[in-house]
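**Student:** Provided below: structure01.txt, containing compact mmCIF, C-alpha atoms.
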```txt
# COMPACT_ATOMS: atom_id res chain seq x y z
CA MET F 1 -24.60 -23.49 -33.19
CA ALA F 2 -26.61 -24.36 -36.31
CA ALA F 3 -30.36 -24.79 -35.88
CA ASP F 4 -31.90 -28.18 -36.58
CA PRO F 5 -33.96 -27.67 -39.77
CA ALA F 6 -36.58 -30.10 -38.47
CA ALA F 7 -37.06 -28.33 -35.11
CA TYR F 8 -40.31 -26.48 -34.36
CA LYS F 9 -39.86 -22.71 -34.71
CA THR F 10 -42.04 -19.89 -33.37
CA ASN F 11 -43.06 -16.99 -35.63
CA VAL F 12 -41.16 -14.47 -33.51
CA PRO F 13 -38.31 -12.81 -35.42
CA ARG F 14 -34.92 -12.60 -33.76
CA ASN F 15 -33.83 -9.14 -32.53
CA ALA F 16 -31.72 -7.95 -35.48
CA ASN F 17 -29.36 -6.09 -33.14
CA MET F 18 -28.40 -9.34 -31.41
CA ALA F 19 -27.43 -10.74 -34.80
CA LYS F 20 -24.97 -7.83 -35.26
CA LEU F 21 -22.89 -8.87 -32.24
CA GLN F 22 -19.54 -10.44 -33.00
CA ALA F 23 -19.19 -13.97 -31.55
CA GLY F 24 -19.45 -14.27 -27.78
CA TYR F 25 -18.82 -11.62 -25.15
CA LEU F 26 -15.03 -11.44 -24.65
CA PHE F 27 -14.65 -13.13 -21.27
CA PRO F 28 -16.90 -16.19 -21.85
CA GLU F 29 -14.91 -16.70 -25.10
CA ILE F 30 -11.67 -16.74 -23.07
CA ALA F 31 -13.25 -19.21 -20.61
CA ARG F 32 -14.22 -21.43 -23.57
CA ARG F 33 -10.62 -21.47 -24.86
CA ARG F 34 -9.33 -22.21 -21.36
CA ALA F 35 -11.74 -25.18 -21.09
CA THR F 36 -10.61 -26.47 -24.50
CA HIS F 37 -6.97 -26.24 -23.36
CA LEU F 38 -7.81 -28.24 -20.20
CA LEU F 39 -9.47 -30.97 -22.26
CA LYS F 40 -6.26 -31.25 -24.27
CA TYR F 41 -3.97 -31.03 -21.20
CA PRO F 42 -6.02 -32.24 -18.21
CA ASP F 43 -3.04 -32.00 -15.83
CA ALA F 44 -2.16 -28.41 -16.77
CA LYS F 45 -1.85 -26.12 -13.75
CA ILE F 46 -3.52 -23.07 -15.25
CA ILE F 47 -3.02 -19.64 -13.70
CA SER F 48 -5.75 -17.21 -14.66
CA LEU F 49 -4.66 -13.59 -15.14
CA GLY F 50 -7.35 -13.00 -17.75
CA ILE F 51 -10.74 -11.77 -16.57
CA GLY F 52 -10.29 -9.09 -13.90
CA ASP F 53 -11.80 -11.13 -11.08
CA THR F 54 -10.61 -10.56 -7.52
CA THR F 55 -9.10 -13.49 -5.64
CA GLU F 56 -8.39 -12.37 -2.06
CA PRO F 57 -10.91 -12.97 0.75
CA ILE F 58 -13.27 -10.13 1.69
CA PRO F 59 -12.05 -8.50 4.95
CA ASN F 60 -13.86 -9.73 8.09
CA VAL F 61 -15.14 -6.32 9.11
CA ILE F 62 -17.21 -6.35 5.91
CA THR F 63 -18.44 -9.98 5.93
CA ASN F 64 -19.36 -9.71 9.63
CA ALA F 65 -21.69 -6.82 8.82
CA MET F 66 -23.30 -8.84 6.02
CA ALA F 67 -23.69 -11.90 8.27
CA GLU F 68 -25.27 -9.76 10.98
CA ARG F 69 -27.73 -8.29 8.49
CA ALA F 70 -28.53 -11.76 7.12
CA HIS F 71 -29.21 -13.14 10.61
CA ALA F 72 -31.34 -10.10 11.49
CA LEU F 73 -33.64 -11.05 8.60
CA SER F 74 -34.66 -14.07 10.71
CA THR F 75 -36.01 -11.81 13.45
CA ILE F 76 -39.27 -9.85 13.66
CA ASP F 77 -37.46 -6.54 14.27
CA GLY F 78 -34.66 -7.16 11.80
CA TYR F 79 -36.69 -8.34 8.83
CA SER F 80 -37.05 -6.01 5.84
CA GLY F 81 -38.50 -6.65 2.38
CA TYR F 82 -38.29 -4.40 -0.66
CA GLY F 83 -36.02 -1.43 -0.05
CA ALA F 84 -35.77 1.89 -1.86
CA GLU F 85 -34.84 1.29 -5.52
CA GLN F 86 -32.25 4.10 -5.26
CA GLY F 87 -30.52 2.47 -2.29
CA GLU F 88 -30.66 2.81 1.49
CA LYS F 89 -30.35 6.38 2.77
CA LYS F 90 -27.38 5.52 5.01
CA VAL F 91 -25.46 3.89 2.15
CA ARG F 92 -26.07 6.83 -0.23
CA ALA F 93 -24.96 9.26 2.50
CA ALA F 94 -21.80 7.24 3.22
CA ILE F 95 -20.85 7.11 -0.49
CA ALA F 96 -21.38 10.87 -0.81
CA ALA F 97 -19.31 11.61 2.31
CA THR F 98 -16.49 9.20 1.43
CA TYR F 99 -15.98 9.76 -2.30
CA TYR F 100 -17.59 13.12 -3.07
CA ALA F 101 -16.96 15.29 0.02
CA ASP F 102 -16.56 18.96 -1.06
CA LEU F 103 -17.54 18.12 -4.66
CA GLY F 104 -21.13 19.30 -4.30
CA ILE F 105 -22.63 15.84 -4.83
CA GLU F 106 -25.63 15.13 -2.57
CA ASP F 107 -26.95 11.81 -1.26
CA SER F 108 -29.97 12.18 -3.55
CA ASP F 109 -27.69 12.28 -6.63
CA ILE F 110 -26.49 8.74 -5.87
CA PHE F 111 -28.21 5.56 -7.08
CA VAL F 112 -26.98 2.38 -5.38
CA SER F 113 -26.95 -0.64 -7.69
CA ASP F 114 -25.84 -4.23 -8.19
CA GLY F 115 -22.67 -3.06 -9.97
CA ALA F 116 -21.33 -0.66 -12.58
CA LYS F 117 -21.76 -3.13 -15.47
CA CYS F 118 -25.50 -3.40 -14.78
CA ASP F 119 -25.76 0.37 -14.53
CA ILE F 120 -24.07 0.81 -17.92
CA SER F 121 -26.90 -1.18 -19.53
CA ARG F 122 -29.55 0.71 -17.54
CA LEU F 123 -28.00 3.99 -18.72
CA GLN F 124 -28.19 2.69 -22.30
CA VAL F 125 -31.91 1.98 -21.82
CA LEU F 126 -32.23 5.55 -20.52
CA PHE F 127 -30.51 7.02 -23.61
CA GLY F 128 -32.44 4.86 -26.07
CA SER F 129 -31.58 3.76 -29.58
CA ASN F 130 -31.31 7.15 -31.30
CA VAL F 131 -28.16 8.46 -29.62
CA THR F 132 -24.62 8.33 -31.01
CA ILE F 133 -21.75 7.16 -28.81
CA ALA F 134 -17.98 7.50 -28.57
CA VAL F 135 -15.72 5.06 -26.73
CA GLN F 136 -12.03 4.94 -25.93
CA ASP F 137 -10.26 2.47 -28.19
CA PRO F 138 -9.38 0.12 -26.52
CA SER F 139 -12.11 -0.05 -23.86
CA TYR F 140 -14.21 -2.35 -21.69
CA PRO F 141 -16.46 -4.29 -24.13
CA ALA F 142 -19.73 -3.65 -22.24
CA TYR F 143 -20.01 -0.09 -23.64
CA VAL F 144 -19.89 -1.18 -27.28
CA ASP F 145 -21.89 -4.39 -26.88
CA SER F 146 -24.72 -2.69 -24.98
CA SER F 147 -24.76 -0.01 -27.67
CA VAL F 148 -25.12 -2.66 -30.39
CA ILE F 149 -27.92 -4.43 -28.47
CA MET F 150 -29.77 -1.11 -28.07
CA GLY F 151 -29.69 -0.52 -31.82
CA GLN F 152 -27.43 2.55 -31.70
CA THR F 153 -24.95 1.14 -34.23
CA ASP F 154 -24.68 -0.01 -37.83
CA LEU F 155 -23.24 -3.39 -38.82
CA TYR F 156 -19.78 -4.62 -37.82
CA GLU F 157 -17.15 -3.73 -40.42
CA GLN F 158 -14.76 -6.66 -40.53
CA ASP F 159 -11.94 -4.86 -42.38
CA VAL F 160 -11.57 -2.14 -39.70
CA GLN F 161 -12.95 -4.28 -36.84
CA LYS F 162 -15.40 -1.57 -35.79
CA TYR F 163 -19.15 -1.12 -35.68
CA GLY F 164 -20.55 1.60 -37.91
CA ASN F 165 -21.91 4.71 -36.17
CA ILE F 166 -19.63 4.37 -33.12
CA GLU F 167 -16.80 6.85 -32.72
CA TYR F 168 -13.65 4.96 -31.63
CA MET F 169 -11.28 7.38 -29.84
CA ARG F 170 -7.83 5.85 -30.29
CA CYS F 171 -5.79 5.71 -27.07
CA SER F 172 -2.22 4.54 -27.64
CA PRO F 173 1.29 4.98 -26.21
CA GLU F 174 1.82 7.66 -28.90
CA ASN F 175 -0.88 9.95 -27.51
CA GLY F 176 -0.35 9.04 -23.86
CA PHE F 177 -3.56 6.99 -23.93
CA PHE F 178 -5.70 10.12 -24.18
CA PRO F 179 -7.55 10.76 -27.45
CA ASP F 180 -6.80 13.74 -29.68
CA LEU F 181 -10.20 15.40 -29.16
CA SER F 182 -9.64 17.83 -32.03
CA THR F 183 -10.12 14.88 -34.42
CA VAL F 184 -13.16 13.39 -32.66
CA PRO F 185 -16.56 14.23 -34.21
CA ARG F 186 -19.45 15.18 -31.92
CA THR F 187 -21.47 12.34 -30.38
CA ASP F 188 -24.30 12.46 -27.84
CA ILE F 189 -22.65 10.15 -25.31
CA ILE F 190 -18.95 9.73 -24.49
CA PHE F 191 -17.98 6.60 -22.52
CA PHE F 192 -14.75 7.27 -20.65
CA CYS F 193 -13.06 4.96 -18.15
CA SER F 194 -10.23 6.21 -15.93
CA PRO F 195 -8.09 4.46 -14.79
CA ASN F 196 -8.79 2.72 -18.05
CA ASN F 197 -9.61 -0.93 -18.47
CA PRO F 198 -7.60 -2.43 -20.26
CA THR F 199 -4.69 0.02 -20.64
CA GLY F 200 -4.46 1.00 -16.97
CA ALA F 201 -3.91 4.65 -17.95
CA ALA F 202 -5.36 7.31 -15.63
CA ALA F 203 -6.31 10.66 -17.17
CA SER F 204 -4.62 13.73 -15.65
CA ARG F 205 -6.50 16.78 -14.35
CA ASP F 206 -5.48 18.72 -17.46
CA GLN F 207 -6.78 15.94 -19.75
CA LEU F 208 -10.10 15.70 -17.89
CA ASN F 209 -10.49 19.49 -18.07
CA LYS F 210 -10.16 19.11 -21.86
CA LEU F 211 -12.70 16.27 -21.88
CA VAL F 212 -15.28 18.27 -19.90
CA LYS F 213 -14.75 21.33 -22.12
CA PHE F 214 -15.13 19.13 -25.22
CA ALA F 215 -18.41 17.69 -23.87
CA LYS F 216 -19.68 21.17 -22.99
CA ASP F 217 -18.79 22.64 -26.39
CA ASN F 218 -20.65 19.77 -28.06
CA GLY F 219 -23.53 19.49 -25.60
CA SER F 220 -22.61 15.82 -24.97
CA ILE F 221 -22.95 13.65 -21.86
CA ILE F 222 -19.89 11.85 -20.45
CA VAL F 223 -20.47 8.45 -18.81
CA TYR F 224 -17.41 8.29 -16.58
CA ASP F 225 -16.49 4.83 -15.28
CA SER F 226 -14.36 5.18 -12.15
CA ALA F 227 -14.40 1.52 -11.06
CA TYR F 228 -10.61 1.56 -10.43
CA ALA F 229 -10.28 5.02 -8.81
CA MET F 230 -8.96 3.63 -5.50
CA TYR F 231 -5.93 2.25 -7.41
CA ILE F 232 -4.75 5.77 -8.30
CA SER F 233 -1.45 6.50 -6.59
CA ASP F 234 -0.54 9.83 -8.20
CA ASP F 235 -2.52 13.08 -8.27
CA SER F 236 -4.84 12.07 -11.14
CA PRO F 237 -8.46 12.91 -10.27
CA LYS F 238 -10.41 10.05 -8.68
CA SER F 239 -13.77 11.50 -9.78
CA ILE F 240 -14.88 13.44 -12.86
CA PHE F 241 -16.68 15.80 -10.45
CA GLU F 242 -13.31 17.15 -9.31
CA ILE F 243 -13.36 19.00 -12.65
CA PRO F 244 -15.20 22.35 -12.65
CA GLY F 245 -18.37 22.23 -14.76
CA ALA F 246 -18.51 18.41 -14.88
CA LYS F 247 -21.83 18.29 -13.02
CA GLU F 248 -23.53 19.81 -16.09
CA VAL F 249 -22.16 17.19 -18.53
CA ALA F 250 -21.25 14.00 -16.65
CA ILE F 251 -22.57 10.85 -15.00
CA GLU F 252 -20.19 8.73 -12.91
CA THR F 253 -20.52 5.00 -12.34
CA ALA F 254 -18.46 3.08 -9.78
CA SER F 255 -18.32 -0.18 -7.86
CA PHE F 256 -17.11 -2.02 -4.76
CA SER F 257 -16.05 -5.00 -6.93
CA LYS F 258 -12.34 -4.24 -7.24
CA TYR F 259 -11.96 -2.54 -3.83
CA ALA F 260 -13.61 -5.02 -1.48
CA GLY F 261 -13.71 -8.17 -3.62
CA PHE F 262 -17.44 -7.68 -4.31
CA THR F 263 -17.39 -9.23 -7.81
CA GLY F 264 -19.82 -11.89 -6.54
CA VAL F 265 -21.53 -9.85 -3.80
CA ARG F 266 -22.56 -7.19 -6.39
CA LEU F 267 -22.72 -3.57 -5.23
CA GLY F 268 -22.01 -0.34 -7.08
CA TRP F 269 -23.40 3.14 -7.59
CA THR F 270 -24.08 5.78 -10.22
CA VAL F 271 -24.00 9.53 -9.64
CA ILE F 272 -26.31 11.76 -11.69
CA PRO F 273 -26.12 15.39 -10.59
CA LYS F 274 -29.30 17.52 -10.55
CA GLU F 275 -27.52 19.98 -12.86
CA LEU F 276 -27.41 17.45 -15.73
CA LEU F 277 -30.26 18.20 -18.16
CA PHE F 278 -31.44 16.81 -21.50
CA SER F 279 -31.82 19.22 -24.45
CA ASP F 280 -35.46 19.91 -23.45
CA GLY F 281 -34.39 20.88 -19.92
CA HIS F 282 -35.66 17.66 -18.30
CA PRO F 283 -33.36 16.37 -15.51
CA VAL F 284 -31.49 13.20 -16.55
CA ALA F 285 -31.69 11.89 -12.95
CA LYS F 286 -35.51 11.97 -13.05
CA ASP F 287 -35.61 9.69 -16.08
CA PHE F 288 -32.93 7.42 -14.65
CA ASN F 289 -34.98 7.13 -11.47
CA ARG F 290 -37.93 6.01 -13.60
CA ILE F 291 -35.74 3.39 -15.37
CA VAL F 292 -34.40 2.12 -12.03
CA CYS F 293 -37.91 1.84 -10.55
CA THR F 294 -39.04 -0.10 -13.64
CA CYS F 295 -36.04 -2.40 -14.18
CA PHE F 296 -34.66 -2.92 -10.68
CA ASN F 297 -35.84 -3.56 -7.12
CA GLY F 298 -32.78 -2.09 -5.47
CA ALA F 299 -29.49 -3.68 -4.42
CA SER F 300 -29.60 -6.60 -1.98
CA ASN F 301 -30.03 -5.42 1.61
CA ILE F 302 -27.24 -7.81 2.68
CA ALA F 303 -24.86 -6.38 0.05
CA GLN F 304 -25.75 -2.85 1.19
CA ALA F 305 -24.87 -3.77 4.79
CA GLY F 306 -21.49 -4.84 3.40
CA GLY F 307 -21.18 -1.54 1.52
CA LEU F 308 -21.84 0.43 4.69
CA ALA F 309 -19.11 -1.57 6.47
CA CYS F 310 -16.73 -0.88 3.54
CA LEU F 311 -17.16 2.83 4.18
CA SER F 312 -16.51 2.67 7.94
CA PRO F 313 -12.99 3.77 9.02
CA GLU F 314 -12.04 0.11 9.59
CA GLY F 315 -13.57 -0.96 6.28
CA LEU F 316 -11.78 1.76 4.31
CA LYS F 317 -8.47 0.72 5.82
CA ALA F 318 -9.20 -2.93 4.93
CA MET F 319 -10.06 -1.97 1.33
CA HIS F 320 -6.85 0.08 1.00
CA ASP F 321 -4.90 -2.96 2.22
CA VAL F 322 -6.54 -5.20 -0.41
CA VAL F 323 -5.87 -2.62 -3.15
CA GLY F 324 -2.26 -2.34 -1.90
CA PHE F 325 -1.85 -6.11 -2.15
CA TYR F 326 -2.98 -6.15 -5.80
CA LYS F 327 -0.71 -3.17 -6.55
CA GLU F 328 2.26 -5.21 -5.26
CA ASN F 329 1.20 -8.00 -7.65
CA THR F 330 1.12 -5.44 -10.45
CA LYS F 331 4.71 -4.43 -9.69
CA ILE F 332 5.89 -8.08 -9.91
CA ILE F 333 4.26 -8.44 -13.36
CA VAL F 334 5.64 -5.11 -14.60
CA ASP F 335 9.17 -5.92 -13.40
CA THR F 336 8.98 -9.33 -15.11
CA PHE F 337 8.00 -8.02 -18.55
CA THR F 338 10.31 -5.00 -18.30
CA SER F 339 13.26 -7.28 -17.51
CA LEU F 340 12.37 -9.29 -20.63
CA GLY F 341 12.62 -6.13 -22.76
CA PHE F 342 8.89 -5.53 -23.34
CA ASN F 343 7.26 -2.12 -23.39
CA VAL F 344 4.76 -2.16 -20.56
CA TYR F 345 2.00 0.37 -19.83
CA GLY F 346 -0.65 0.97 -17.17
CA ALA F 347 0.00 -0.66 -13.80
CA LYS F 348 0.83 2.51 -11.85
CA ASN F 349 -2.81 3.46 -11.21
CA ALA F 350 -4.63 0.24 -12.04
CA PRO F 351 -4.55 -3.53 -11.47
CA TYR F 352 -3.80 -4.15 -15.16
CA VAL F 353 -0.56 -4.43 -17.06
CA TRP F 354 -0.79 -3.61 -20.78
CA VAL F 355 2.05 -5.42 -22.56
CA HIS F 356 3.07 -4.58 -26.13
CA PHE F 357 3.92 -7.36 -28.60
CA PRO F 358 4.68 -5.23 -31.70
CA GLY F 359 3.50 -6.63 -35.02
CA ARG F 360 1.82 -9.66 -33.46
CA ASN F 361 -1.82 -10.72 -33.37
CA SER F 362 -3.23 -10.49 -29.83
CA TRP F 363 -5.14 -13.78 -30.00
CA ASP F 364 -1.96 -15.51 -31.25
CA VAL F 365 -0.02 -14.20 -28.25
CA PHE F 366 -2.88 -15.22 -25.95
CA ALA F 367 -2.77 -18.76 -27.47
CA GLU F 368 1.03 -18.95 -27.20
CA ILE F 369 1.03 -17.96 -23.52
CA LEU F 370 -1.78 -20.42 -22.74
CA GLU F 371 -0.21 -23.26 -24.72
CA LYS F 372 3.38 -22.85 -23.52
CA ALA F 373 3.03 -21.31 -20.06
CA ASN F 374 -0.47 -22.41 -18.96
CA VAL F 375 -1.34 -18.80 -18.13
CA VAL F 376 -4.59 -17.15 -19.20
CA THR F 377 -4.31 -13.49 -20.24
CA THR F 378 -6.68 -11.27 -22.24
CA PRO F 379 -5.99 -10.45 -25.92
CA GLY F 380 -5.91 -6.68 -26.43
CA SER F 381 -7.97 -6.80 -29.62
CA GLY F 382 -10.92 -8.02 -27.53
CA PHE F 383 -11.16 -4.42 -26.27
CA GLY F 384 -11.25 -2.86 -29.75
CA PRO F 385 -8.98 -2.52 -32.79
CA GLY F 386 -6.70 -0.18 -30.81
CA GLY F 387 -5.77 -3.13 -28.58
CA GLU F 388 -4.29 -5.20 -31.41
CA GLY F 389 -0.67 -6.15 -30.65
CA PHE F 390 -1.23 -5.90 -26.88
CA VAL F 391 -2.12 -8.35 -24.13
CA ARG F 392 -3.72 -7.39 -20.80
CA VAL F 393 -2.32 -9.17 -17.76
CA SER F 394 -4.46 -8.86 -14.64
CA ALA F 395 -2.85 -8.47 -11.21
CA PHE F 396 -5.75 -10.18 -9.44
CA GLY F 397 -4.29 -13.40 -8.07
CA HIS F 398 -2.83 -15.09 -5.02
CA ARG F 399 0.78 -13.99 -4.51
CA GLU F 400 2.24 -17.46 -5.13
CA ASN F 401 0.34 -17.66 -8.45
CA ILE F 402 1.63 -14.26 -9.54
CA ILE F 403 5.22 -15.28 -8.68
CA GLU F 404 4.80 -18.61 -10.51
CA ALA F 405 3.29 -16.87 -13.56
CA ALA F 406 6.25 -14.47 -13.58
CA ARG F 407 8.62 -17.45 -13.55
CA ARG F 408 6.76 -19.02 -16.50
CA PHE F 409 6.81 -15.75 -18.48
CA LYS F 410 10.60 -15.59 -17.98
CA GLN F 411 10.95 -19.17 -19.17
CA LEU F 412 8.82 -18.49 -22.24
CA TYR F 413 10.34 -15.17 -23.30
```
Let me see the file written as structure tokens.
**Tutor:**
Amino acid sequence: MAADPAAYKTNVPRNANMAKLQAGYLFPEIARRRATHLLKYPDAKIISLGIGDTTEPIPNVITNAMAERAHALSTIDGYSGYGAEQGEKKVRAAIAATYYADLGIEDSDIFVSDGAKCDISRLQVLFGSNVTIAVQDPSYPAYVDSSVIMGQTDLYEQDVQKYGNIEYMRCSPENGFFPDLSTVPRTDIIFFCSPNNPTGAAASRDQLNKLVKFAKDNGSIIVYDSAYAMYISDDSPKSIFEIPGAKEVAIETASFSKYAGFTGVRLGWTVIPKELLFSDGHPVAKDFNRIVCTCFNGASNIAQAGGLACLSPEGLKAMHDVVGFYKENTKIIVDTFTSLGFNVYGAKNAPYVWVHFPGRNSWDVFAEILEKANVVTTPGSGFGPGGEGFVRVSAFGHRENIIEAARRFKQLY
């Protein structure tokens, strides 16, 4: 919005990096367009398959544990104030035992947080403004936007739709959604998400071996986002630490958001092995600990009680059931677009369906689907220039909404 020329202004200059950002963050922009559509068609029954927000209730075994912890805070014995910034010992131990058994990751390597997205920004603060980064293209916008805010990039180049000084590693159907690393210049940090958001592609063991070797040869650090690992249904690795040598070059960030429906509860974790060292030999985890203690007071004790319940045998079964439900939704969406003759990717190991609309502008397709079918999707170009011509359809939704959306897609196409 334009500033009122008559308004009082302070003498504080605006952060120049904020001015580099392109428009709004992707998902609020989609919400804005949805709201505009509703103003125009107030009776429209909109189905939202855009932002990857979970829709199914959190299993009782998990909410009961949170309720119990909340009520305990009203008692003398049950009250607790500030907790450890790194997370409660029991929660760190349960994460290590559940997701990293036999991988040589210790409880003390795990930092419990309020979600992977928040940790991505804290990691960026850790790395500072003088590092260079590489991202998959397309990829989750938080990596690029946090990089811009930190001052790691040059200006946005409109003609190529990229920021200067970021290495965009193209991931397309042609290369099996894994970048040709022989063409990728060295950067300090490599952001890599598998299963990928938005394409839904999970990297194979062979591909991740190549990625770790590439990072080692270049002395780079991989930030591996495994937020969708529980959706993997083939033998793709669920953690980067399944790859030999990864502990010397990788950080892993993960979350309960898409497993237990914790998008609003907020709980995640980041793993930084002791073996990971900066060029001067200083442990990365030590500096991250300092960042966490400065920027964060630890995850909510109520959320951590929920996390502990998630990792109980009953909780794990409940999470697998929720993941299974969304995977069934994914199959309905895939079958729908496949029957209409579209090339469809992802889906097998992720709650996202990546649909190709060759030669078309992603925002145009987004607008067409919203206008004619009252369904919100996500335009692929919002994830980088490599997403142009694609639309991401999320499988997070009540079953009847997914079935109705499928019916509308069939009517439209």
**Student:** With distances taken over all atoms listed in the file, which of F:Gly128, F:Pro385, F:Gly50, F:Gly307 is nearest to Gly261 (chain F)?
**Tutor:**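 Nearest to Gly261 (chain F): F:Gly307.
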**Student:** Do a neighbour search on region 143-155 of chain F at 10 Å with only C-alpha atoms, toss out local chain neighbours closer than 2 positions, and write the hits as number ranges by chain.
**Tutor:** F: 15-22, 25, 117, 120-125, 127-136, 139-141, 157-158, 162-166, 168, 190-192, 223, 383-384
**Student:** Nearest to Ala72 (chain F) among F:Ser204, F:Ile302, F:Arg392, F:Glu314, with distances taken over only C-alpha atoms: which residue is it?
**Tutor:**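 Closest to Ala72 (chain F), using only C-alpha atoms: F:Ile302.
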**Student:** Pick the closest to Phe27 (chain F) from F:Leu49, F:Ala350, F:Ala305, F:Leu311: which is it, counting all atoms listed in the file?
**Tutor:**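 Using all atoms listed in the file, Phe27 (chain F) sits closest to F:Leu49.
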**Student:** Rank nothing, just name the residue among F:Gly104, F:Gly298, F:Gly306, F:Gly200 nearest to Pro244 (chain F), using all atoms listed in the file.
**Tutor:**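 The shortest atom-to-atom distance to Pro244 (chain F) comes from F:Gly104.
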**Student:** Please, what distance in Å, to one decimal, runs between CA of Gly52 (chain F) and CA of Ala395 (chain F)?
**Tutor:**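 These two atoms are separated by 7.9 Å.
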**Student:** Just to confirm, what's the straight-line distance from CA of Tyr99 (chain F) to CA of Met319 (chain F) in Å (one decimal)?
**Tutor:**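 Straight-line distance from CA of Tyr99 (chain F) to CA of Met319 (chain F) works out to 13.6 Å.
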**Student:** Measuring atom to atom with all atoms listed in the file, identify which of F:Arg408, F:Phe357, F:Ile62, F:Leu38 is nearest to Val265 (chain F).
**Tutor:**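 Among the listed residues, the smallest separation from Val265 (chain F) belongs to F:Ile62.
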**Student:** Give as a PyMOL selection string each residue that has an atom at most 10 Å from (7.3, -15.1, -14.5) in the file, counting only C-alpha atoms.
**Tutor:** chain F and resi 332-333+335-337+340+373+401-413
**Student:** For region 285-295 of chain F, please output as a list in words all residues within 10 Å (counting only C-alpha atoms; exclusion window: fewer than 5 positions along the same chain).
**Tutor:**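 Everything that qualifies: Ala84, Glu85, Gln86, Ser108, Asp109, Ile110, Phe111, Val112, Ser113, Asp119, Arg122, Leu123, Val125, Leu126, Phe127, Ile251, Val271, Ile272, Pro273, Lys274, Glu275, Leu276, Leu277 and Phe278 of chain F.
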**Student:** Using all atoms listed in the file, which residue out of F:Pro57, F:Gly264, F:Gly346, F:Pro13 lies closest to Phe177 (chain F)?
**Tutor:**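 Smallest distance to Phe177 (chain F) is found for F:Gly346.
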**Student:** Within 6 Å of Phe390 (chain F), counting all atoms listed in the file, which residues qualify if same-chain residues fewer than 2 places away don't, as a list in words?
**Tutor:**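 Contacts, in chain order: Val355, His356, Phe357, Ser362, Gly380, Gly387 and Glu388 of chain F.
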**Student:** Tell me which residues come within 6 Å of (-21.5, 0.6, -11.7), as a list in words, counting only C-alpha atoms in the file's coordinates.
**Tutor:**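 Those residues lying close to the given coordinates are Gly115, Ala116, Lys117, Asp119, Thr253, Ala254, Ser255, Gly268, Trp269 and Thr270 of chain F.
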**Student:** Go ahead and compute the interatomic distance for CA of Ala3 (chain F) and CA of Arg32 (chain F), in Å to one decimal.
**Tutor:**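 Value for the CA of Ala3 (chain F)-CA of Arg32 (chain F) distance: 20.6 Å.
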**Student:** As a CSV table (one decimal), in the frame of the given file, please: region 200-209 of chain F completed to N, CA, C and O atoms.
**Tutor:**
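That gives us selection-v9.csv:
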```csv
chain,number,residue,atom,x,y,z
F,200,GLY,N,-5.0,0.6,-18.3
F,200,GLY,CA,-4.5,1.0,-17.0
F,200,GLY,C,-4.1,2.5,-16.9
F,200,GLY,O,-3.6,2.9,-15.8
F,201,ALA,N,-4.3,3.2,-17.9
F,201,ALA,CA,-3.9,4.6,-18.0
F,201,ALA,C,-4.9,5.5,-17.2
F,201,ALA,O,-6.1,5.3,-17.4
F,202,ALA,N,-4.5,6.4,-16.3
F,202,ALA,CA,-5.4,7.3,-15.6
F,202,ALA,C,-5.2,8.7,-16.3
F,202,ALA,O,-4.1,9.2,-16.5
F,203,ALA,N,-6.3,9.3,-16.6
F,203,ALA,CA,-6.3,10.7,-17.2
F,203,ALA,C,-5.9,11.7,-16.1
F,203,ALA,O,-6.3,11.6,-15.0
F,204,SER,N,-5.1,12.7,-16.6
F,204,SER,CA,-4.6,13.7,-15.6
F,204,SER,C,-5.7,14.8,-15.5
F,204,SER,O,-6.7,14.8,-16.3
F,205,ARG,N,-5.5,15.7,-14.6
F,205,ARG,CA,-6.5,16.8,-14.4
F,205,ARG,C,-6.6,17.6,-15.6
F,205,ARG,O,-7.7,18.0,-16.0
F,206,ASP,N,-5.5,17.9,-16.2
F,206,ASP,CA,-5.5,18.7,-17.5
F,206,ASP,C,-6.3,18.0,-18.6
F,206,ASP,O,-7.1,18.6,-19.3
F,207,GLN,N,-6.1,16.7,-18.7
F,207,GLN,CA,-6.8,15.9,-19.8
F,207,GLN,C,-8.3,15.9,-19.5
F,207,GLN,O,-9.1,16.1,-20.4
F,208,LEU,N,-8.7,15.7,-18.2
F,208,LEU,CA,-10.1,15.7,-17.9
F,208,LEU,C,-10.8,17.1,-18.0
F,208,LEU,O,-11.9,17.2,-18.4
F,209,ASN,N,-10.0,18.1,-17.8
F,209,ASN,CA,-10.5,19.5,-18.1
F,209,ASN,C,-10.8,19.6,-19.6
F,209,ASN,O,-11.9,20.2,-19.9
```
